[in-house]
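Okay, so here's the structure we're looking at.
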There are 2 protein chains.
Amino acid sequence: MAGNTLDVVTSAWINVVTSIVILLAFAVLKNQPMNARVYFPKWFLELHKRSAGSAGGFDPASRTTNPIGRFLNLNVKSYAHVMDWIWTTLRMPEMELIEHAGLDSAVLLRVFLLGFAMGSCRLKMFAPMLVWGCFVLIPINKTDNELMSYQKSNPNFAYSTVDMMSIANVHDKSKRLWAHLLAAYMYTAWTCLMLFKEYEQVESLRFKFLAAQKRRPDQFTILVRQVPRVGQIKVSQQIENFFKENHSEHYITHQVVYDANYLSLLVEDKEKCLDTIEYLQKQQGGSQSSQCPTTRKGFLRIVGEKVNSIDFYTSKYNRLIEEIKTVQCHILSSEKFVMKAGFVSFNSRWGAAVCAQTQQSKDSTCWLTDWAPEARDVCWDNLSIPYMALNSRRLLVGFLIFFIAFFFMIPITFVQSLANLDALDKNFHFLKPLIDQSFIRSVLQGFLPGLSLNLSLHFLPQLMMFLSKFEGRVSYSKIMRSAATKYFIVMVVNVFFGNVIVGSVFVQLKQYINSPIRVPKAFGSSIPMKSTFFITYIMVDGWSTVAAEALRLGAFMWYHLQNMVIVKTERDRNNAMAFSTLQYNAVLPKLGLYFLLGLVYSVISPLILPFIIVFYAFGYIIYRNQVINVYVPKFESSAAFWPLAHRFIIVALLITHITLIGLFSIKRSAASTPLLLPLPVLTLFFHWYCTDRYGPAFDQYPLQEARAKDNLERTLEPNLDVRSFLERAYLHPAIKAALAEDTVALDASGIYNLLGNRITEASSRPAQSSQRSNVDNKQYEQTCIVSIDSQSTSTM
Amino acid sequence: MAGNTLDVVTSAWINVVTSIVILLAFAVLKNQPMNARVYFPKWFLELHKRSAGSAGGFDPASRTTNPIGRFLNLNVKSYAHVMDWIWTTLRMPEMELIEHAGLDSAVLLRVFLLGFAMGSCRLKMFAPMLVWGCFVLIPINKTDNELMSYQKSNPNFAYSTVDMMSIANVHDKSKRLWAHLLAAYMYTAWTCLMLFKEYEQVESLRFKFLAAQKRRPDQFTILVRQVPRVGQIKVSQQIENFFKENHSEHYITHQVVYDANYLSLLVEDKEKCLDTIEYLQKQQGGSQSSQCPTTRKGFLRIVGEKVNSIDFYTSKYNRLIEEIKTVQCHILSSEKFVMKAGFVSFNSRWGAAVCAQTQQSKDSTCWLTDWAPEARDVCWDNLSIPYMALNSRRLLVGFLIFFIAFFFMIPITFVQSLANLDALDKNFHFLKPLIDQSFIRSVLQGFLPGLSLNLSLHFLPQLMMFLSKFEGRVSYSKIMRSAATKYFIVMVVNVFFGNVIVGSVFVQLKQYINSPIRVPKAFGSSIPMKSTFFITYIMVDGWSTVAAEALRLGAFMWYHLQNMVIVKTERDRNNAMAFSTLQYNAVLPKLGLYFLLGLVYSVISPLILPFIIVFYAFGYIIYRNQVINVYVPKFESSAAFWPLAHRFIIVALLITHITLIGLFSIKRSAASTPLLLPLPVLTLFFHWYCTDRYGPAFDQYPLQEARAKDNLERTLEPNLDVRSFLERAYLHPAIKAALAEDTVALDASGIYNLLGNRITEASSRPAQSSQRSNVDNKQYEQTCIVSIDSQSTSTM
């Protein structure tokens, strides 16, 4: 008995200490000016917009002239306030946060917040459950003696203090179970109430956010796919004819989608080339006496004659420029690069809303319209997949997900068995002397199996992203949402069911398919005894991962490595900043999994709740800090992922109910088992109601809102030229880049001008990459516009 | 063995003879002029529109002056051509049929046609299956000897010739089963191909039909529900404000919905009163010398003082007129009779299509818009059910359907046990002498159990209609579709599963829930042996019901009864015509059930196919005749029920696959069982594809179509006044009736004028009841229009 309990306590101590150490390290490191670009990259982006003083906890202006002070914080007093960042982080009001980091991030933080209670009146999901659990359920469980009497008959049976406080310690057919039944109802009702309120608030936040948004091209634009080919008419012409006919009052312009993958590669090459030239220039400039660097012309730059590097890359650059021009003109003039899709813009939000929500053509497989994603959010490669291919890809991915979910453990188990030291001994004799050392042996044995599981779990979100992209979704935000769903399914099957079901999943699976009524029973019997395991899991996986997220060890090392090797100027330092974004596709399913654990164990073994609450609270603080200081959003979907979070929690509720039904029927509490049956039905009904009531707000834009915003704009800016605002917004980024900048051949002086241009742009680039077009080079641009326009308005 | 086979043959003979006798009776009866109004009521409605000569087989103008010839057809020669109506019926081309009877009826006939082959190139579902079945499957089954060898070991086991030709006669693990596997794939592919083509054709028919439709109010009108109450603003005002704001370019007018149930009752009373007066007048006029009929004033007209009947009813009529006026003015002026719904009309089909397909408000529970049904199709009572009530009603009905589907047999079995003669003996002693007579006993014993089952099955469609109406659907066409789905579920569970599963459903049900993998096995073992039963079922239920449908015995008797008792004039005779409509809610599920039987047995026991093909062919002829001559459509949904028929057949396919999987695993043909698994998956995929591709056409109106029709109309009628066309189209029929006609008090001469009016209207009434408004009484109407208009345009 003691051993098991001790394990948990030890594990808790280890994890608490680890987390605190990581946090302290984080607090100290972020206090050093030299790490500012690692821990406050978002503020560097904002520097031009806002006064630096408001950057939570960090003030770039305070750097002293002391050369050491520029890198290390020598002010000893300030270390006394090293944990103040927590309060600074928490102090930012939600509205300011939304403005600063976008609605997506703010709503994700609300999901964390949903898991714990905070402040005076903001009681959220698990805190009241913990209260009832501590004052009612735990005393009830503890004062019974089922486990002890079971141990008397089976002396080998071991149980922990945690188990004693769980429902496993209550006798079969005991009257005490009524308290648990009551708890199940109260908890479900409470969760639904919280979810309902949250849905309502997120919906209203979303509408407020949309209403407050500035004028953006995607408000006026829809994406049309599956434009049918009719005879020799050009796609562009066809789109124009169709929308001029059917939306005559609202259509103003459109942009066809080009297959510009090759051009993208060229533009990328050109950028790299320019980087190299820049680097070489600096090398030469830095040590003016040094001889000019040389390079070889041939294969991989290691064979062939030596030439002056700068000359070589400049001529390569000029060649690329020429090729880009040719390819680009080719793309813009040839019909075979035009995909059967286009972005159609309207003169009002109302017109766009109408077109996005209605069916255009008799044949519902062509002229498919939907809101255009933000330009930076568009997944260009996916825009031209034909209708049938889309369907078969989805079917295929569906099958794959099924197999990954259920057979994911096979390769892992195989890898783990390989990692097994005895197996290593056998297969790799040369490792034997190393392995035989007892210290290494124990580290490996405790470390390898876990590592292999964690590594494979770590790559799952990426795999899911790849699969979702393969499915052909048109924007990265949709890809992320789809990947999140897939990841959640795989996690629930493998982490939750995989650990709950004793024995091999595959053997069990067949039995359960044969007799699904046994599933709840099997759950019911094994789940109460698993609470110790899941408490450890929450600490190892939950706490440590969150702490590591704050430390950003990877970004930290990468930045300082770059700093040591190539960074010369302030601009280089900015380039070396490792921006990262909030990975909804990984965070959201994880949150869903913890909701599942919390809900399932809230009735069965309430002792798990404090650990979960700590996870949510800790995660909330860390992620709030990251959202404020680190993450740079790549797109803004205006909380479109919320319905997904809602669905995850509903699934968690349903699994909880099934588990409880199984548990109660095992405890042979026949009177109360049927009383649990309404719970899943009512929960489903609640879910349908919420989806029906609030769901449409997350994928449609009501006409009333659109009209109100149109009217407001018309009053404020009566002479607005919407057409010119929209004309080039949805041009393929590669074409736009090719059109916009760097398109004159370089000579000696040209390089410096160009580099000068780049430096002034640099700091604002990552966030505003879609608006890069307003640079000079007007002349060349003009000639190209002609060809684009002729593309847009050409007749048969 | 012989007994079982003999049963089928006997049953077949009996049913063939019965059907032929009924058909002959029908052919003879419809040839009699006096029955013309029973068998050709639809043509009487068309008399004014078309020349009577084209009425298939019947020519009202040919009635001789011979007094007997007016009632009986004395031309003996014509009886030689008594079955010619079949060719006459089949000869009408589909396009003419659509024009004559509407698209709904024509598409229902296509569903019949889908079941069999007809003509040269129109091979449909079951005919090719029959060919493969006869030339491949039956020889393969017949030449094996599984049943005989089984009989050798179990001498009590009996089997029929039908069983010998089924898969039951093939040995376990036999190579012959590959033929059946191949058949399963071929049949599924063939069925899907047929379904796909059919969906395509029905879709194109629907679009053609919609494009050819005349201008109708429902093309310009949408129904808005859940208008939110804001302060003291009137509903009408709110609707106007909202749509003037958000659809300013298209909105023209609207009509609020009144709660006019009481007024409906009054109008009905008034009509009855007028009928009585008319009848009394005729009595008096017929025998001018007879004394004036009298009536009593008091309770139920049996107590109180005697008065002159005509005077009594005239004064009652005048009182009703007064009350109708008062109530109507009250309804039109008081806000509490205004429901939170309205019909909003637009100046173009495009505007209405946009409004019907888009979300209007942030709150997706209010301002719900959808296409307005035809005015005659609106279910007025359901228009004001609040949102939450709708949801709970649906939930409730869902539960009810579940219970009806699974526990329907309990009361039936109970009634059957009551009907059991021994039980009757016990419970009702006084019946004993009657029951003891052997003839009555045998009739009762053979008759009662079947009768009770059939009676209860007969009332099911009505019950389903009631439940669907209770669910709150806004139009009768939607109610019918929902009722059809419910009926199909109940039929499949009770008729198919109920007969296939041996033993009590309830006992089995629990086992199957415990172990669903056993369901296919149980099916697989019992289904082949049930083919004899289902052949009989098809003949009794299918053939006879169809033949009875042609005979219209009920309508026939009702008409002649009326003719004998009250009919005096030609107009009375027209009133006595029993119109009926095509009951999609009963016919469609039945067709679905036969598709299920046909598909399941097409592989297992192909001998059932001829019976099914005969059913479809026979049904096609009869229903084509009824559609042409008898049924008067109450509404036209433009084939909106087709996706339902498609879904029924898909469900039938899936059940077939599950059955086959079970059967093959029982035959221990392990190699081929997994080969069947892709079938249901592919079928589901096919279904999703069809629904995705053609489904939207059945509930949305594409903007391209709407715009084309608008443009055409604008070219043809540039000066069209749409507003006046739409203004009163969706007024509650009771208010309209109260406004429109019969609203002046009667005096002696007034009665005759009024009756004269009614007679001229009478023949065109049933089909055009929604257009009754264009009658005189302009003066009173004008005063009321004022109050309606003030309602529509009132301000706060």
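A note on labels: chains of the structure tokens are A, B, ... as shown, every chain counts residues from 1, and ligands are counted from 1 in their shown order.
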
Please report as CSV every residue of chain A lying within 6 Å of chain B, along with the nearest atom pair and their distance in Å (one decimal), using only C-alpha atoms.
residue,atom,partner,partner_atom,distance
A:Asn246,CA,B:Gln704,CA,5.8
A:Gln357,CA,B:Thr358,CA,5.7
A:Thr358,CA,B:Gln357,CA,5.7
A:Gln359,CA,B:Pro702,CA,5.0
A:Gln360,CA,B:Pro702,CA,4.9
A:Ser361,CA,B:Pro702,CA,5.2
A:Lys362,CA,B:Pro702,CA,5.8
A:Ser364,CA,B:Arg693,CA,5.4
A:Thr365,CA,B:Arg693,CA,5.6
A:Asn514,CA,B:Ile517,CA,5.1
A:Ser515,CA,B:Ser515,CA,4.2
A:Ile517,CA,B:Asn514,CA,5.1
A:Arg693,CA,B:Ser364,CA,5.4
A:Pro702,CA,B:Gln360,CA,4.9
A:Leu703,CA,B:Gln360,CA,5.0
A:Gln704,CA,B:Ser361,CA,5.5

Go ahead and write the residues just picked, all heavy atoms, as a short mmCIF file (atom, residue, chain, number, x, y, z; two decimals), in the first residue's frame.
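Writing the result to part06.cif gives the following:
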data_model
loop_
_atom_site.label_atom_id
_atom_site.label_comp_id
_atom_site.auth_asym_id
_atom_site.auth_seq_id
_atom_site.Cartn_x
_atom_site.Cartn_y
_atom_site.Cartn_z
N ASN A 246 -25.08 37.24 -62.31
CA ASN A 246 -25.87 36.80 -61.16
C ASN A 246 -25.70 37.65 -59.91
O ASN A 246 -26.45 37.50 -58.96
CB ASN A 246 -25.53 35.35 -60.84
CG ASN A 246 -25.97 34.43 -61.95
OD1 ASN A 246 -27.12 34.46 -62.37
ND2 ASN A 246 -25.04 33.65 -62.47
N GLN A 357 -22.96 32.59 -48.89
CA GLN A 357 -23.91 31.71 -48.22
C GLN A 357 -24.91 31.05 -49.15
O GLN A 357 -25.71 30.22 -48.71
CB GLN A 357 -24.69 32.48 -47.15
CG GLN A 357 -23.84 32.92 -45.98
CD GLN A 357 -24.62 33.71 -44.96
OE1 GLN A 357 -25.70 33.33 -44.57
NE2 GLN A 357 -24.07 34.82 -44.53
N THR A 358 -24.93 31.41 -50.43
CA THR A 358 -25.97 30.88 -51.30
C THR A 358 -25.41 29.89 -52.30
O THR A 358 -24.22 29.85 -52.55
CB THR A 358 -26.65 32.02 -52.07
OG1 THR A 358 -25.64 32.84 -52.64
CG2 THR A 358 -27.52 32.84 -51.19
N GLN A 359 -26.32 29.11 -52.86
CA GLN A 359 -25.93 28.20 -53.93
C GLN A 359 -26.05 28.95 -55.25
O GLN A 359 -27.05 29.60 -55.51
CB GLN A 359 -26.85 26.99 -53.93
CG GLN A 359 -26.30 25.86 -54.77
CD GLN A 359 -27.30 24.77 -55.01
OE1 GLN A 359 -28.33 24.72 -54.36
NE2 GLN A 359 -27.01 23.89 -55.95
N GLN A 360 -25.00 28.85 -56.08
CA GLN A 360 -24.98 29.66 -57.28
C GLN A 360 -25.61 28.97 -58.47
O GLN A 360 -26.38 29.55 -59.21
CB GLN A 360 -23.54 30.04 -57.64
CG GLN A 360 -22.78 30.66 -56.50
CD GLN A 360 -23.46 31.90 -55.97
OE1 GLN A 360 -23.90 32.74 -56.73
NE2 GLN A 360 -23.58 32.00 -54.66
N SER A 361 -25.25 27.69 -58.64
CA SER A 361 -25.61 27.04 -59.89
C SER A 361 -26.46 25.81 -59.62
O SER A 361 -26.47 25.27 -58.53
CB SER A 361 -24.33 26.65 -60.61
OG SER A 361 -24.56 25.57 -61.47
N LYS A 362 -27.18 25.39 -60.65
CA LYS A 362 -27.96 24.16 -60.57
C LYS A 362 -27.09 23.00 -60.14
O LYS A 362 -27.45 22.23 -59.27
CB LYS A 362 -28.50 23.83 -61.97
CG LYS A 362 -29.72 24.54 -62.36
CD LYS A 362 -30.50 23.75 -63.39
CE LYS A 362 -29.79 23.71 -64.74
NZ LYS A 362 -30.74 23.36 -65.81
N SER A 364 -24.57 21.43 -58.15
CA SER A 364 -23.97 21.83 -56.88
C SER A 364 -22.53 21.36 -56.75
O SER A 364 -21.96 21.44 -55.68
CB SER A 364 -24.82 21.35 -55.71
OG SER A 364 -25.04 19.98 -55.82
N THR A 365 -21.94 20.85 -57.82
CA THR A 365 -20.51 20.55 -57.75
C THR A 365 -19.68 21.63 -58.42
O THR A 365 -18.46 21.53 -58.45
CB THR A 365 -20.18 19.22 -58.44
OG1 THR A 365 -20.62 19.31 -59.80
CG2 THR A 365 -20.89 18.08 -57.76
N ASN A 514 -17.56 -7.58 -30.41
CA ASN A 514 -18.51 -8.68 -30.27
C ASN A 514 -19.57 -8.35 -29.23
O ASN A 514 -20.71 -8.74 -29.36
CB ASN A 514 -17.79 -9.96 -29.84
CG ASN A 514 -17.05 -10.58 -31.00
OD1 ASN A 514 -17.28 -10.18 -32.14
ND2 ASN A 514 -16.17 -11.50 -30.73
N SER A 515 -19.19 -7.65 -28.21
CA SER A 515 -20.11 -7.46 -27.10
C SER A 515 -19.92 -6.08 -26.49
O SER A 515 -19.31 -5.93 -25.44
CB SER A 515 -19.85 -8.56 -26.07
OG SER A 515 -20.37 -8.18 -24.85
N ILE A 517 -21.74 -4.16 -24.91
CA ILE A 517 -22.33 -3.88 -23.61
C ILE A 517 -21.27 -4.06 -22.53
O ILE A 517 -21.38 -3.53 -21.43
CB ILE A 517 -23.54 -4.81 -23.37
CG1 ILE A 517 -24.52 -4.17 -22.39
CG2 ILE A 517 -23.13 -6.16 -22.86
CD1 ILE A 517 -25.51 -3.29 -23.05
N ARG A 693 -27.96 26.93 -31.86
CA ARG A 693 -28.17 28.31 -31.47
C ARG A 693 -26.96 29.18 -31.75
O ARG A 693 -27.09 30.28 -32.29
CB ARG A 693 -28.50 28.35 -29.97
CG ARG A 693 -28.45 29.73 -29.39
CD ARG A 693 -29.41 29.88 -28.25
NE ARG A 693 -29.68 31.28 -28.04
CZ ARG A 693 -30.61 31.74 -27.24
NH1 ARG A 693 -31.41 30.91 -26.64
NH2 ARG A 693 -30.79 33.02 -27.09
N PRO A 702 -23.81 37.08 -40.49
CA PRO A 702 -25.20 37.46 -40.72
C PRO A 702 -25.33 38.75 -41.53
O PRO A 702 -24.52 39.67 -41.40
CB PRO A 702 -25.77 37.63 -39.31
CG PRO A 702 -24.65 37.48 -38.37
CD PRO A 702 -23.46 36.99 -39.08
N LEU A 703 -26.38 38.79 -42.33
CA LEU A 703 -26.57 39.94 -43.21
C LEU A 703 -26.74 41.23 -42.42
O LEU A 703 -26.30 42.30 -42.85
CB LEU A 703 -27.78 39.71 -44.09
CG LEU A 703 -27.67 38.56 -45.08
CD1 LEU A 703 -28.85 38.55 -46.02
CD2 LEU A 703 -26.39 38.65 -45.88
N GLN A 704 -27.40 41.12 -41.27
CA GLN A 704 -27.62 42.32 -40.46
C GLN A 704 -26.30 42.99 -40.09
O GLN A 704 -26.14 44.20 -40.23
CB GLN A 704 -28.39 41.93 -39.19
CG GLN A 704 -28.98 43.10 -38.46
CD GLN A 704 -29.75 42.66 -37.22
OE1 GLN A 704 -29.57 41.54 -36.73
NE2 GLN A 704 -30.60 43.52 -36.72
#

DSSP helix (DSSP H, G or I) residues within stretch 9-223 of chain A, as number ranges by chain
A: 9-30, 33-39, 41-46, 52-54, 60-62, 76-81, 85-91, 94-101, 103-114, 126-142, 146-153, 161-164, 167-169, 177-212, 217-220

Set the distance at 7 Å and use only C-alpha atoms: which residues neighbour stretch 616-630 of chain B once local chain neighbours fewer than 6 positions away are removed? I'd like the list as JSON, numbers by chain.
{"B": [39, 40, 41, 42, 43, 86, 89, 101, 105, 109, 112, 113, 115, 116, 546, 550]}

Could you save those same residues with N, CA, C and O atoms as a PDB file, in the first residue's frame?
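Below you can see part.pdb, which holds the result:
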ATOM      1  N   TYR B  39     -64.573   7.364 -60.886  1.00  0.00           N
ATOM      2  CA  TYR B  39     -63.324   6.916 -61.491  1.00  0.00           C
ATOM      3  C   TYR B  39     -62.620   7.977 -62.348  1.00  0.00           C
ATOM      4  O   TYR B  39     -61.536   7.750 -62.840  1.00  0.00           O
ATOM      5  N   PHE B  40     -63.282   9.096 -62.576  1.00  0.00           N
ATOM      6  CA  PHE B  40     -62.634  10.173 -63.349  1.00  0.00           C
ATOM      7  C   PHE B  40     -62.818  11.547 -62.713  1.00  0.00           C
ATOM      8  O   PHE B  40     -63.044  12.520 -63.418  1.00  0.00           O
ATOM      9  N   PRO B  41     -62.766  11.647 -61.391  1.00  0.00           N
ATOM     10  CA  PRO B  41     -63.091  12.958 -60.795  1.00  0.00           C
ATOM     11  C   PRO B  41     -62.145  14.056 -61.274  1.00  0.00           C
ATOM     12  O   PRO B  41     -62.553  15.204 -61.430  1.00  0.00           O
ATOM     13  N   LYS B  42     -60.883  13.702 -61.529  1.00  0.00           N
ATOM     14  CA  LYS B  42     -59.935  14.733 -61.922  1.00  0.00           C
ATOM     15  C   LYS B  42     -60.346  15.408 -63.212  1.00  0.00           C
ATOM     16  O   LYS B  42     -60.119  16.609 -63.392  1.00  0.00           O
ATOM     17  N   TRP B  43     -60.961  14.642 -64.125  1.00  0.00           N
ATOM     18  CA  TRP B  43     -61.353  15.228 -65.408  1.00  0.00           C
ATOM     19  C   TRP B  43     -62.516  16.186 -65.258  1.00  0.00           C
ATOM     20  O   TRP B  43     -62.667  17.112 -66.048  1.00  0.00           O
ATOM     21  N   ILE B  86     -55.709   0.246 -69.928  1.00  0.00           N
ATOM     22  CA  ILE B  86     -54.291   0.076 -69.586  1.00  0.00           C
ATOM     23  C   ILE B  86     -53.421   0.784 -70.619  1.00  0.00           C
ATOM     24  O   ILE B  86     -52.528   1.558 -70.295  1.00  0.00           O
ATOM     25  N   THR B  89     -53.811   4.478 -70.508  1.00  0.00           N
ATOM     26  CA  THR B  89     -53.071   5.018 -69.380  1.00  0.00           C
ATOM     27  C   THR B  89     -51.584   5.134 -69.686  1.00  0.00           C
ATOM     28  O   THR B  89     -50.954   6.155 -69.410  1.00  0.00           O
ATOM     29  N   ALA B 101     -50.688  16.343 -63.998  1.00  0.00           N
ATOM     30  CA  ALA B 101     -50.843  15.920 -62.596  1.00  0.00           C
ATOM     31  C   ALA B 101     -49.748  16.440 -61.681  1.00  0.00           C
ATOM     32  O   ALA B 101     -49.766  16.149 -60.491  1.00  0.00           O
ATOM     33  N   SER B 105     -46.416  13.599 -58.617  1.00  0.00           N
ATOM     34  CA  SER B 105     -47.012  12.333 -59.041  1.00  0.00           C
ATOM     35  C   SER B 105     -46.138  11.649 -60.064  1.00  0.00           C
ATOM     36  O   SER B 105     -45.910  10.432 -59.993  1.00  0.00           O
ATOM     37  N   LEU B 109     -44.311   7.902 -59.827  1.00  0.00           N
ATOM     38  CA  LEU B 109     -44.433   6.835 -60.812  1.00  0.00           C
ATOM     39  C   LEU B 109     -43.063   6.347 -61.262  1.00  0.00           C
ATOM     40  O   LEU B 109     -42.869   5.161 -61.502  1.00  0.00           O
ATOM     41  N   PHE B 112     -41.899   3.692 -58.995  1.00  0.00           N
ATOM     42  CA  PHE B 112     -42.444   2.384 -59.383  1.00  0.00           C
ATOM     43  C   PHE B 112     -41.649   1.813 -60.546  1.00  0.00           C
ATOM     44  O   PHE B 112     -41.220   0.664 -60.542  1.00  0.00           O
ATOM     45  N   LEU B 113     -41.434   2.676 -61.540  1.00  0.00           N
ATOM     46  CA  LEU B 113     -40.771   2.249 -62.769  1.00  0.00           C
ATOM     47  C   LEU B 113     -39.369   1.739 -62.485  1.00  0.00           C
ATOM     48  O   LEU B 113     -38.871   0.833 -63.160  1.00  0.00           O
ATOM     49  N   GLY B 115     -38.456  -0.096 -60.290  1.00  0.00           N
ATOM     50  CA  GLY B 115     -38.466  -1.478 -59.824  1.00  0.00           C
ATOM     51  C   GLY B 115     -38.524  -2.512 -60.920  1.00  0.00           C
ATOM     52  O   GLY B 115     -38.331  -3.686 -60.653  1.00  0.00           O
ATOM     53  N   PHE B 116     -38.842  -2.143 -62.153  1.00  0.00           N
ATOM     54  CA  PHE B 116     -38.942  -3.177 -63.191  1.00  0.00           C
ATOM     55  C   PHE B 116     -38.468  -2.642 -64.529  1.00  0.00           C
ATOM     56  O   PHE B 116     -38.235  -1.456 -64.699  1.00  0.00           O
ATOM     57  N   VAL B 546     -52.863  -2.929 -54.113  1.00  0.00           N
ATOM     58  CA  VAL B 546     -52.829  -2.108 -55.314  1.00  0.00           C
ATOM     59  C   VAL B 546     -54.146  -2.236 -56.083  1.00  0.00           C
ATOM     60  O   VAL B 546     -54.737  -1.240 -56.519  1.00  0.00           O
ATOM     61  N   ALA B 550     -57.242   0.621 -56.997  1.00  0.00           N
ATOM     62  CA  ALA B 550     -57.889   0.968 -58.265  1.00  0.00           C
ATOM     63  C   ALA B 550     -59.410   0.986 -58.113  1.00  0.00           C
ATOM     64  O   ALA B 550     -60.096   1.868 -58.633  1.00  0.00           O
TER      65      ALA B 550
END

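Atom CA of B:Thr545 to atom CA of B:Val17 spans 13.9 Å [interatomic distance, one decimal].
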
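Proximity ranking of A:Leu607, A:Ile735, A:Val21, A:Val107 relative to A:Val202 places A:Val107 first, based on only C-alpha atoms.
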
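Atom CA of B:Leu47 sits 28.0 Å away from atom CA of B:Gln281.
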
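Distance-wise, atom CA of B:Asn382 and atom CA of B:Lys469 end up 7.7 Å apart.
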
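The list of residues with at least one atom within 8 Å of A:Tyr313, based on only C-alpha atoms and without residues fewer than 3 positions apart in the same chain, reads Cys273, Thr276, Ile277, Ser309, Ile310, Lys316 and Tyr317 of chain A.
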
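Using only C-alpha atoms, the contacts of B:Val327 at a cut-off of 10 Å, with sequence neighbours closer than 2 positions omitted, comprise Ala260, Tyr262, Leu263, Leu266, Ile321, Glu322, Glu323, Ile324, Lys325, Cys329, His330, Ile331, Leu332, Ser333, Ile735 and Ala738 of chain B.
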